$ cat my_file-v8.csv   # CSV, C-alpha atoms and all ligand atoms
chain,number,residue,atom,x,y,z
H,144,MET,CA,180.7,47.2,124.1
H,145,PHE,CA,177.1,47.7,122.9
H,146,PRO,CA,175.5,51.1,123.3
H,147,LYS,CA,173.4,51.4,126.4
H,148,HIS,CA,171.6,54.5,125.1
H,149,ARG,CA,169.6,53.8,122.0
H,150,PRO,CA,167.5,56.8,120.8
H,151,ARG,CA,166.6,54.6,117.8
H,152,ARG,CA,164.2,52.6,120.0
H,153,LEU,CA,161.7,55.5,119.8
H,154,ARG,CA,162.0,55.7,116.0
H,155,SER,CA,161.3,52.1,115.3
H,156,HIS,CA,157.8,52.4,113.9
H,157,PRO,CA,155.5,55.1,112.5
H,158,GLN,CA,153.0,55.2,115.4
H,159,LEU,CA,155.7,55.4,118.0
H,160,ARG,CA,157.4,58.2,116.0
H,161,ARG,CA,154.0,60.0,115.9
H,162,MET,CA,153.7,59.7,119.7
H,163,VAL,CA,157.1,61.3,120.4
H,164,GLN,CA,156.8,64.0,117.7
H,165,GLU,CA,157.5,67.4,119.4
H,166,THR,CA,156.4,69.9,116.9
H,167,VAL,CA,153.2,69.9,114.9
H,168,VAL,CA,152.1,72.3,112.2
H,169,THR,CA,148.4,72.9,111.9
H,170,THR,CA,146.3,74.8,109.4
H,171,SER,CA,145.4,77.2,112.2
H,172,ASP,CA,149.0,78.4,112.2
H,173,LEU,CA,148.8,79.7,108.6
H,174,ILE,CA,148.3,83.1,107.1
H,175,TYR,CA,147.9,83.5,103.3
H,176,PRO,CA,149.1,86.6,101.6
H,177,LEU,CA,147.0,88.1,98.7
H,178,PHE,CA,147.7,90.9,96.2
H,179,ALA,CA,144.7,93.1,95.3
H,180,VAL,CA,144.6,95.1,92.0
H,181,PRO,CA,142.0,97.4,90.6
H,182,GLY,CA,139.6,96.2,87.9
H,183,GLU,CA,137.4,93.2,87.4
H,184,SER,CA,138.0,89.5,86.6
H,185,ILE,CA,141.8,90.0,86.8
H,186,SER,CA,143.9,87.1,87.7
H,187,GLN,CA,147.5,87.8,86.7
H,188,GLU,CA,150.2,85.3,87.7
H,189,VAL,CA,153.3,86.8,89.1
H,190,THR,CA,156.1,85.6,86.8
H,191,SER,CA,158.7,85.0,89.6
H,192,MET,CA,156.1,83.4,91.9
H,193,PRO,CA,154.3,80.5,90.1
H,194,GLY,CA,150.9,79.9,91.8
H,195,VAL,CA,150.7,83.4,93.1
H,196,TYR,CA,148.4,86.0,91.4
H,197,GLN,CA,147.5,89.6,91.4
H,198,LEU,CA,143.7,89.6,91.8
H,199,SER,CA,140.9,92.0,91.3
H,200,ILE,CA,138.6,92.4,94.3
H,201,ASP,CA,135.9,90.0,92.8
H,202,LYS,CA,138.7,87.3,92.5
H,203,ILE,CA,140.0,88.2,96.0
H,204,VAL,CA,136.6,87.4,97.4
H,205,GLU,CA,136.5,84.0,95.6
H,206,GLU,CA,140.0,83.3,96.9
H,207,ALA,CA,139.0,84.3,100.5
H,208,LYS,CA,136.2,81.8,100.4
H,209,GLU,CA,138.5,79.1,99.2
H,210,VAL,CA,141.1,79.9,101.9
H,211,TYR,CA,138.4,79.8,104.6
H,212,ASP,CA,137.0,76.5,103.3
H,213,LEU,CA,140.4,75.1,103.5
H,214,GLY,CA,140.4,75.9,107.2
H,215,ILE,CA,143.0,78.7,107.0
H,216,PRO,CA,142.0,81.3,109.6
H,217,SER,CA,143.5,84.4,108.1
H,218,ILE,CA,144.8,86.3,105.0
H,219,ILE,CA,147.0,89.3,104.8
H,220,LEU,CA,146.2,91.9,102.1
H,221,PHE,CA,148.6,93.9,100.0
H,222,GLY,CA,147.4,96.5,97.5
H,223,ILE,CA,148.6,97.7,94.1
H,224,PRO,CA,146.9,101.0,93.4
H,225,ASP,CA,146.2,102.7,90.1
H,226,ASP,CA,148.1,105.8,91.0
H,227,LYS,CA,151.2,106.4,93.1
H,228,ASP,CA,152.2,109.8,94.5
H,229,SER,CA,154.5,111.4,97.0
H,230,GLU,CA,151.8,111.3,99.8
H,231,ALA,CA,151.0,107.6,99.3
H,232,THR,CA,147.3,108.7,98.9
H,233,GLY,CA,146.3,105.2,97.8
H,234,ALA,CA,147.4,103.9,101.2
H,235,TRP,CA,145.1,106.0,103.4
H,236,HIS,CA,142.3,106.9,101.0
H,237,ASP,CA,138.9,105.5,102.2
H,238,HIS,CA,138.4,104.1,98.7
H,239,GLY,CA,142.0,102.7,98.5
H,240,ILE,CA,142.4,99.2,97.0
H,241,VAL,CA,143.1,97.5,100.4
H,242,GLN,CA,140.2,99.3,102.0
H,243,LYS,CA,137.8,98.1,99.3
H,244,ALA,CA,139.2,94.6,99.3
H,245,SER,CA,139.0,94.4,103.1
H,246,ALA,CA,135.4,95.5,103.1
H,247,ALA,CA,134.5,93.1,100.3
H,248,VAL,CA,136.1,90.1,102.0
H,249,LYS,CA,134.6,90.9,105.4
H,250,LYS,CA,131.2,91.1,103.8
H,251,ALA,CA,131.5,87.8,102.0
H,252,VAL,CA,133.5,85.8,104.6
H,253,PRO,CA,132.9,87.6,107.9
H,254,ASP,CA,134.8,84.9,109.9
H,255,LEU,CA,138.0,85.1,108.0
H,256,VAL,CA,140.6,87.2,109.9
H,257,VAL,CA,141.7,90.0,107.6
H,258,ILE,CA,145.2,91.3,108.3
H,259,VAL,CA,146.2,94.4,106.4
H,260,ASP,CA,149.8,95.4,105.6
H,261,THR,CA,150.2,99.0,106.7
H,262,CYS,CA,153.0,100.5,104.7
H,263,LEU,CA,153.5,103.1,102.0
H,264,CYS,CA,155.9,101.5,99.5
H,265,GLU,CA,153.2,100.2,97.2
H,266,TYR,CA,151.7,103.7,97.0
H,267,THR,CA,154.6,106.0,96.7
H,268,GLN,CA,155.9,106.8,93.2
H,269,HIS,CA,159.5,106.3,94.4
H,270,GLY,CA,158.7,102.9,96.1
H,271,HIS,CA,160.1,103.8,99.5
H,272,CYS,CA,158.2,102.8,102.7
H,273,GLY,CA,157.9,106.4,103.8
H,274,TYR,CA,157.7,110.1,103.1
H,275,LEU,CA,160.6,111.8,101.3
H,276,GLU,CA,161.5,115.5,101.1
H,277,THR,CA,160.1,116.8,97.8
H,278,GLY,CA,162.7,116.3,95.1
H,279,ASP,CA,164.9,114.0,97.2
H,280,LEU,CA,166.6,111.5,95.0
H,281,THR,CA,168.7,109.9,97.8
H,282,GLY,CA,165.8,108.0,99.4
H,283,ARG,CA,166.3,109.5,102.9
H,284,VAL,CA,162.9,108.6,104.4
H,285,LEU,CA,161.6,111.2,106.9
H,286,ASN,CA,160.5,109.2,110.0
H,287,ASP,CA,158.0,111.4,111.8
H,288,PRO,CA,156.1,112.7,108.7
H,289,THR,CA,155.8,109.1,107.7
H,290,LEU,CA,154.2,108.2,111.1
H,291,GLU,CA,151.3,110.6,110.4
H,292,LEU,CA,150.6,108.9,107.1
H,293,LEU,CA,150.8,105.5,108.7
H,294,LYS,CA,148.4,106.5,111.4
H,295,LYS,CA,145.9,107.7,108.7
H,296,THR,CA,146.4,104.5,106.8
H,297,ALA,CA,145.7,102.3,109.8
H,298,VAL,CA,142.6,104.2,110.8
H,299,SER,CA,141.1,104.0,107.3
H,300,GLN,CA,141.9,100.3,107.1
H,301,ALA,CA,140.2,99.8,110.4
H,302,ASN,CA,137.2,101.7,109.2
H,303,ALA,CA,137.0,99.4,106.2
H,304,GLY,CA,136.7,96.4,108.5
H,305,ALA,CA,140.3,95.1,108.9
H,306,ASP,CA,140.8,92.8,111.9
H,307,ILE,CA,144.5,93.2,112.4
H,308,ILE,CA,146.8,96.1,111.5
H,309,ALA,CA,150.3,95.0,110.4
H,310,PRO,CA,152.8,97.8,110.0
H,311,SER,CA,155.8,96.8,108.0
H,312,GLY,CA,157.8,99.9,107.3
H,313,MET,CA,160.3,99.8,110.1
H,314,MET,CA,159.8,103.4,111.1
H,315,ASP,CA,160.8,104.3,114.6
H,316,GLY,CA,157.7,104.7,116.8
H,317,PHE,CA,155.3,103.3,114.3
H,318,VAL,CA,153.5,101.0,116.7
H,319,GLN,CA,152.9,103.9,119.2
H,320,ALA,CA,151.7,106.2,116.4
H,321,ILE,CA,149.3,103.7,115.0
H,322,ARG,CA,148.1,102.7,118.5
H,323,GLU,CA,147.3,106.3,119.2
H,324,GLY,CA,145.5,106.8,115.9
H,325,LEU,CA,143.4,103.6,116.4
H,326,ASP,CA,142.5,104.4,120.0
H,327,THR,CA,141.5,108.0,119.1
H,328,ALA,CA,139.3,106.7,116.4
H,329,GLY,CA,137.6,104.2,118.7
H,330,PHE,CA,139.5,101.1,117.7
H,331,GLU,CA,141.1,100.4,121.0
H,332,ASP,CA,140.3,96.6,120.6
H,333,LEU,CA,142.0,96.2,117.2
H,334,PRO,CA,145.3,94.3,117.5
H,335,ILE,CA,148.6,95.3,116.0
H,336,LEU,CA,150.9,92.7,114.5
H,337,SER,CA,154.2,94.5,114.2
H,338,TYR,CA,156.8,93.6,111.6
H,339,ALA,CA,159.2,94.1,114.5
H,340,ALA,CA,162.4,92.6,113.2
H,341,LYS,CA,162.4,93.1,109.4
H,342,TYR,CA,165.7,92.7,107.6
H,343,SER,CA,166.9,94.4,104.5
H,344,SER,CA,166.8,91.3,102.4
H,345,ALA,CA,167.4,90.1,98.9
H,346,TYR,CA,164.7,87.5,99.5
H,347,TYR,CA,162.0,90.2,98.9
H,348,GLY,CA,162.8,90.4,95.2
H,349,PRO,CA,159.8,88.5,93.8
H,350,PHE,CA,157.4,90.3,96.2
H,351,ARG,CA,158.5,93.6,94.7
H,352,ASP,CA,157.4,92.3,91.2
H,353,ALA,CA,154.1,91.1,92.7
H,354,ALA,CA,153.5,94.4,94.6
H,355,ASP,CA,155.2,96.6,92.1
H,356,SER,CA,157.0,98.2,95.0
H,357,ALA,CA,160.8,98.1,94.2
H,358,PRO,CA,162.4,101.4,95.3
H,359,GLN,CA,163.1,103.5,92.2
H,360,PHE,CA,166.5,104.7,93.7
H,361,GLY,CA,168.5,103.8,96.7
H,362,ASP,CA,167.6,100.9,98.9
H,363,ARG,CA,165.9,100.3,102.3
H,364,ARG,CA,168.9,100.0,104.4
H,365,THR,CA,168.2,103.2,106.4
H,366,TYR,CA,165.1,101.6,107.8
H,367,GLN,CA,165.2,97.8,107.4
H,368,MET,CA,167.8,95.9,109.5
H,369,ASP,CA,171.3,94.7,108.6
H,370,PRO,CA,171.2,90.9,108.2
H,371,ALA,CA,174.4,90.7,110.3
H,372,ASN,CA,172.7,91.9,113.4
H,373,SER,CA,170.7,90.1,116.1
H,374,ARG,CA,171.1,92.3,119.2
H,375,GLU,CA,169.3,95.0,117.3
H,376,ALA,CA,166.3,92.6,116.7
H,377,ILE,CA,165.8,92.4,120.4
H,378,LYS,CA,166.0,96.1,120.8
H,379,GLU,CA,163.4,96.5,118.1
H,380,ILE,CA,161.0,94.0,119.7
H,381,GLU,CA,161.4,95.6,123.1
H,382,LEU,CA,160.5,99.0,121.7
H,383,ASP,CA,157.5,97.6,119.8
H,384,LEU,CA,156.2,95.7,122.9
H,385,ASN,CA,156.5,98.9,124.9
H,386,GLU,CA,154.6,100.8,122.3
H,387,GLY,CA,151.8,98.3,122.5
H,388,ALA,CA,152.4,95.6,119.8
H,389,ASP,CA,150.1,92.6,120.4
H,390,MET,CA,152.1,90.3,118.2
H,391,LEU,CA,155.6,90.3,116.7
H,392,MET,CA,156.9,89.3,113.3
H,393,VAL,CA,160.3,88.2,112.1
H,394,LYS,CA,161.0,88.5,108.4
H,395,PRO,CA,162.4,86.8,106.4
H,396,ALA,CA,162.1,83.4,108.1
H,397,LEU,CA,164.4,80.8,106.6
H,398,ALA,CA,167.8,82.5,107.0
H,399,TYR,CA,166.6,84.0,110.3
H,400,MET,CA,165.5,81.1,112.5
H,401,ASP,CA,168.0,82.1,115.2
H,402,ILE,CA,166.1,85.5,115.3
H,403,ILE,CA,162.7,83.7,115.6
H,404,TRP,CA,164.1,81.7,118.5
H,405,GLN,CA,165.5,84.8,120.3
H,406,VAL,CA,162.4,86.8,119.8
H,407,LYS,CA,160.3,83.9,121.2
H,408,GLN,CA,162.6,83.7,124.2
H,409,ALA,CA,162.5,87.5,124.8
H,410,SER,CA,158.8,88.0,124.6
H,411,ASN,CA,155.5,86.6,125.7
H,412,VAL,CA,153.3,87.4,122.8
H,413,PRO,CA,152.5,85.4,119.7
H,414,VAL,CA,155.4,85.4,117.2
H,415,ALA,CA,154.9,85.2,113.5
H,416,ALA,CA,157.4,84.2,110.9
H,417,TYR,CA,157.1,85.5,107.3
H,418,ASN,CA,158.2,82.9,104.8
H,419,VAL,CA,158.9,85.5,102.1
H,420,SER,CA,158.6,85.6,98.4
H,421,GLY,CA,162.2,84.6,97.5
H,422,GLU,CA,162.0,81.6,99.8
H,423,TYR,CA,158.8,80.5,98.0
H,424,SER,CA,160.3,81.1,94.6
H,425,MET,CA,163.4,79.0,95.3
H,426,VAL,CA,161.3,76.1,96.4
H,427,LYS,CA,158.9,76.5,93.5
H,428,ALA,CA,161.7,76.7,90.9
H,429,ALA,CA,163.4,73.6,92.3
H,430,SER,CA,160.2,71.6,92.5
H,431,LEU,CA,159.0,72.6,89.0
H,432,ASN,CA,162.4,71.2,87.8
H,433,GLY,CA,161.8,68.0,89.7
H,434,TRP,CA,164.9,68.6,91.8
H,435,VAL,CA,163.1,68.5,95.2
H,436,ASP,CA,159.9,67.0,96.5
H,437,GLU,CA,157.8,70.1,97.0
H,438,GLU,CA,155.4,68.8,99.7
H,439,ARG,CA,158.2,67.3,101.8
H,440,VAL,CA,160.4,70.4,101.5
H,441,VAL,CA,157.6,72.8,102.3
H,442,MET,CA,156.3,70.8,105.3
H,443,GLU,CA,159.8,70.4,106.7
H,444,THR,CA,160.4,74.1,106.4
H,445,LEU,CA,157.1,75.0,108.1
H,446,THR,CA,157.7,72.5,110.9
H,447,SER,CA,161.2,74.1,111.4
H,448,PHE,CA,159.7,77.5,111.7
H,449,LYS,CA,157.4,76.3,114.5
H,450,ARG,CA,160.3,74.4,116.1
H,451,SER,CA,162.2,77.7,116.1
H,452,GLY,CA,159.4,79.3,118.1
H,453,ALA,CA,157.0,80.7,115.5
H,454,ASP,CA,153.4,80.5,116.5
H,455,LEU,CA,152.1,81.7,113.2
H,456,ILE,CA,153.5,81.5,109.6
H,457,LEU,CA,152.8,83.8,106.8
H,458,THR,CA,153.4,81.8,103.7
H,459,TYR,CA,152.5,81.6,100.0
H,460,HIS,CA,152.4,77.8,100.4
H,461,ALA,CA,149.5,78.1,102.9
H,462,LYS,CA,146.8,76.7,100.6
H,463,ASP,CA,149.0,73.8,99.5
H,464,ALA,CA,150.0,73.1,103.1
H,465,ALA,CA,146.4,73.1,104.2
H,466,ARG,CA,145.5,70.5,101.5
H,467,TRP,CA,148.5,68.3,102.5
H,468,LEU,CA,147.5,68.6,106.1
H,469,GLY,CA,144.1,67.4,105.1
H,501,LIG,C1,157.3,96.3,102.3
H,501,LIG,C2,157.1,94.8,102.3
H,501,LIG,C3,158.0,93.9,101.9
H,501,LIG,C4,157.4,92.6,102.0
H,501,LIG,C5,156.1,92.8,102.5
H,501,LIG,N1,155.9,94.2,102.7
H,501,LIG,C6,159.4,93.9,101.7
H,501,LIG,C7,160.1,95.0,100.9
H,501,LIG,O1,159.7,95.3,99.8
H,501,LIG,O2,160.9,95.6,101.5
H,501,LIG,C8,158.1,91.4,101.5
H,501,LIG,C9,157.2,90.2,101.4
H,501,LIG,C10,157.8,89.1,100.6
H,501,LIG,O3,159.0,89.1,100.1
H,501,LIG,O4,157.1,88.1,100.5
H,501,LIG,N2,156.8,97.0,103.4
H,502,ZN,ZN,157.0,99.2,102.7

$ encode --input "my_file-v8.csv" --output "structure tokens"
Amino acid sequence: MFPKHRPRRLRSHPQLRRMVQETVVTTSDLIYPLFAVPGESISQEVTSMPGVYQLSIDKIVEEAKEVYDLGIPSIILFGIPDDKDSEATGAWHDHGIVQKASAAVKKAVPDLVVIVDTCLCEYTQHGHCGYLETGDLTGRVLNDPTLELLKKTAVSQANAGADIIAPSGMMDGFVQAIREGLDTAGFEDLPILSYAAKYSSAYYGPFRDAADSAPQFGDRRTYQMDPANSREAIKEIELDLNEGADMLMVKPALAYMDIIWQVKQASNVPVAAYNVSGEYSMVKAASLNGWVDEERVVMETLTSFKRSGADLILTYHAKDAARWLG
């Protein structure tokens, strides 16, 4: 008549709930993305991402100090260069914006782990993540010539003091190429965090405003993955692990928690989830309208990423989350 099994017994008061809580998000799990622009004293809010700014290097340094003081262990740097060209010169130049920002941050806050995004899309005039045949207007990215540019980019980022290289362009063999480049240049101890399973997603929209990196023609479907596929994600992570990836990333996160789970089961390295720009903008828009409770929605989402198997979370909410975590 009466239920014998009563799971509610363990939910009856807050301390008991605390004792049986399975998943805990901590500030050490968080990675905060930053966008570096040339110039000085620039702090330009991204319209589609309230609370996120394009920052000149002096401001990036201030921000890095704040992030570190909040207890967040790491940032990931994206760069918006002055000039874009077909060779993505701004990506691999020793005085590129990310190289300068990395050096400045490492000088000011040596203990903050600086991850650099290693891709070409912010630096090519067409906005694709790789090298295109001259005059090509179809957006067919050439894989192997792109690897050479990525290798150069990673080495110059390493020379600038970056702590972790994070290639995000979904080129075949990019981890191996970058590993070879780093090893040859004497950076055999520098880890690679591969954007291993990166989907061709509409959730990147606001980021492309922030990084000024929308493709001028075509789309990224010949290199980023089809949201309908999960077997392919496992294929991608196996390849990246074989090529020497030290950590793996799944991106986006919210609509891909099954992928996070599968990648976690199929690997034995740390798994990062990228809580991308569109996911952030949706939460921000709803909370600014008073339609959801921002803190509760964000913390629930971050907890769910961890429950799905993420060890690390890249998120634009990192500073707020660190404050809420106290
Ligand atoms: C490109 C890159 C993208 C993001 C980071 N690096 C996506 C893209 O434009 O295809 C997305 C990040 C976000 O949406 O927050 N290599
Ligand atoms: Zn790219």

$ residues_near_ligand --input "my_file-v8.csv" --ligand "ligand ZN 502 (chain H)" --cutoff "7 Å" --atoms "all atoms listed in the file" --output "JSON, numbers by chain"
{"H": [262, 263, 264, 265, 271, 272, 311, 312]}

$ residues_near_ligand --input "my_file-v8.csv" --ligand "ligand LIG 501 (chain H)" --cutoff "8 Å" --atoms "all atoms listed in the file" --output "PyMOL selection string"
chain H and resi 221+260-265+272+310-312+343-344+346-351+356-357+363+367+395+417-421+458-459

$ residues_around --input "my_file-v8.csv" --residues "Lys407 (chain H)" --least-positions-apart "3" --cutoff "10 Å" --atoms "all atoms listed in the file" --output "JSON, numbers by chain"
{"H": [391, 401, 402, 403, 404, 410, 411, 412, 413, 414, 415, 451, 452, 453, 454]}

$ closest_atom_pairs --input "my_file-v8.csv" --of "region 243-309 of chain H" --to "region 156-180 of chain H" --cutoff "10 Å" --atoms "all atoms listed in the file" --output "JSON lines"
{"residue": "H:Lys243", "atom": "CA", "partner": "H:Ala179", "partner_atom": "CA", "distance": 9.4}
{"residue": "H:Ala244", "atom": "CA", "partner": "H:Ala179", "partner_atom": "CA", "distance": 7.0}
{"residue": "H:Ser245", "atom": "CA", "partner": "H:Ala179", "partner_atom": "CA", "distance": 9.7}
{"residue": "H:Val256", "atom": "CA", "partner": "H:Ile174", "partner_atom": "CA", "distance": 9.2}
{"residue": "H:Val257", "atom": "CA", "partner": "H:Ile174", "partner_atom": "CA", "distance": 9.6}
{"residue": "H:Ile258", "atom": "CA", "partner": "H:Ile174", "partner_atom": "CA", "distance": 8.8}
{"residue": "H:Val259", "atom": "CA", "partner": "H:Pro176", "partner_atom": "CA", "distance": 9.6}
{"residue": "H:Asp260", "atom": "CA", "partner": "H:Pro176", "partner_atom": "CA", "distance": 9.7}

$ write_last_selection --input "my_file-v8.csv" --atoms "C-alpha atoms" --output "compact mmCIF listing (two decimals), keeping the file's coordinate frame"
# COMPACT_ATOMS: atom_id res chain seq x y z
CA LYS H 243 137.80 98.10 99.30
CA ALA H 244 139.20 94.60 99.30
CA SER H 245 139.00 94.40 103.10
CA VAL H 256 140.60 87.20 109.90
CA VAL H 257 141.70 90.00 107.60
CA ILE H 258 145.20 91.30 108.30
CA VAL H 259 146.20 94.40 106.40
CA ASP H 260 149.80 95.40 105.60

$ residues_around --input "my_file-v8.csv" --residues "region 278-287 of chain H" --least-positions-apart "2" --cutoff "10 Å" --atoms "only C-alpha atoms" --output "list of chain:residue names"
H:Ser229, H:His269, H:Gly270, H:His271, H:Cys272, H:Gly273, H:Tyr274, H:Leu275, H:Glu276, H:Thr289, H:Leu290, H:Glu291, H:Leu292, H:Leu293, H:Met313, H:Met314, H:Asp315, H:Gly316, H:Phe317, H:Ala320, H:Pro358, H:Gln359, H:Phe360, H:Gly361, H:Asp362, H:Arg363, H:Arg364, H:Thr365, H:Tyr366

$ residues_around --input "my_file-v8.csv" --residues "Gly387 (chain H)" --least-positions-apart "4" --cutoff "9 Å" --atoms "only C-alpha atoms" --output "VMD selection string"
chain H and resid 318 to 319 322 335 382 to 383

$ build_atoms --input "my_file-v8.csv" --residues "region 279-287 of chain H" --atoms "all heavy atoms" --output "compact mmCIF listing (two decimals), keeping the file's coordinate frame"
# COMPACT_ATOMS: atom_id res chain seq x y z
N ASP H 279 163.77 114.85 96.70
CA ASP H 279 164.90 114.00 97.20
C ASP H 279 165.11 112.81 96.34
O ASP H 279 164.18 112.05 96.09
CB ASP H 279 164.57 113.60 98.65
CG ASP H 279 165.71 112.82 99.30
OD1 ASP H 279 166.62 112.37 98.58
OD2 ASP H 279 165.68 112.65 100.53
N LEU H 280 166.32 112.65 95.85
CA LEU H 280 166.60 111.50 95.00
C LEU H 280 167.59 110.54 95.76
O LEU H 280 168.13 109.61 95.17
CB LEU H 280 167.18 111.87 93.68
CG LEU H 280 166.20 112.57 92.73
CD1 LEU H 280 166.88 112.94 91.42
CD2 LEU H 280 164.98 111.69 92.45
N THR H 281 167.80 110.79 97.05
CA THR H 281 168.70 109.90 97.80
C THR H 281 167.96 108.85 98.54
O THR H 281 168.54 107.86 98.96
CB THR H 281 169.53 110.75 98.82
OG1 THR H 281 168.61 111.27 99.79
CG2 THR H 281 170.27 111.90 98.16
N GLY H 282 166.64 109.04 98.68
CA GLY H 282 165.80 108.00 99.40
C GLY H 282 165.94 108.12 100.88
O GLY H 282 165.79 107.12 101.58
N ARG H 283 166.21 109.32 101.41
CA ARG H 283 166.30 109.50 102.90
C ARG H 283 164.85 109.65 103.40
O ARG H 283 164.26 110.73 103.30
CB ARG H 283 167.15 110.67 103.24
CG ARG H 283 167.77 110.53 104.63
CD ARG H 283 168.67 111.72 104.94
NE ARG H 283 167.90 112.93 105.19
CZ ARG H 283 167.37 113.24 106.37
NH1 ARG H 283 167.53 112.43 107.40
NH2 ARG H 283 166.69 114.35 106.53
N VAL H 284 164.30 108.59 103.94
CA VAL H 284 162.90 108.60 104.40
C VAL H 284 162.80 109.40 105.68
O VAL H 284 163.56 109.19 106.63
CB VAL H 284 162.40 107.16 104.58
CG1 VAL H 284 161.06 107.15 105.29
CG2 VAL H 284 162.30 106.46 103.24
N LEU H 285 161.86 110.33 105.72
CA LEU H 285 161.60 111.20 106.90
C LEU H 285 160.73 110.40 107.88
O LEU H 285 159.59 110.07 107.54
CB LEU H 285 161.01 112.49 106.53
CG LEU H 285 161.85 113.34 105.55
CD1 LEU H 285 161.12 114.63 105.22
CD2 LEU H 285 163.23 113.62 106.12
N ASN H 286 161.25 110.12 109.05
CA ASN H 286 160.50 109.20 110.00
C ASN H 286 159.19 109.79 110.46
O ASN H 286 158.15 109.15 110.26
CB ASN H 286 161.43 108.99 111.22
CG ASN H 286 160.98 107.82 112.04
OD1 ASN H 286 161.30 106.67 111.75
ND2 ASN H 286 160.18 108.07 113.06
N ASP H 287 159.20 110.99 111.08
CA ASP H 287 158.00 111.40 111.80
C ASP H 287 156.85 111.83 110.82
O ASP H 287 155.68 111.51 111.11
CB ASP H 287 158.33 112.51 112.80
CG ASP H 287 159.31 111.95 113.85
OD1 ASP H 287 159.75 110.77 113.69
OD2 ASP H 287 159.67 112.66 114.79
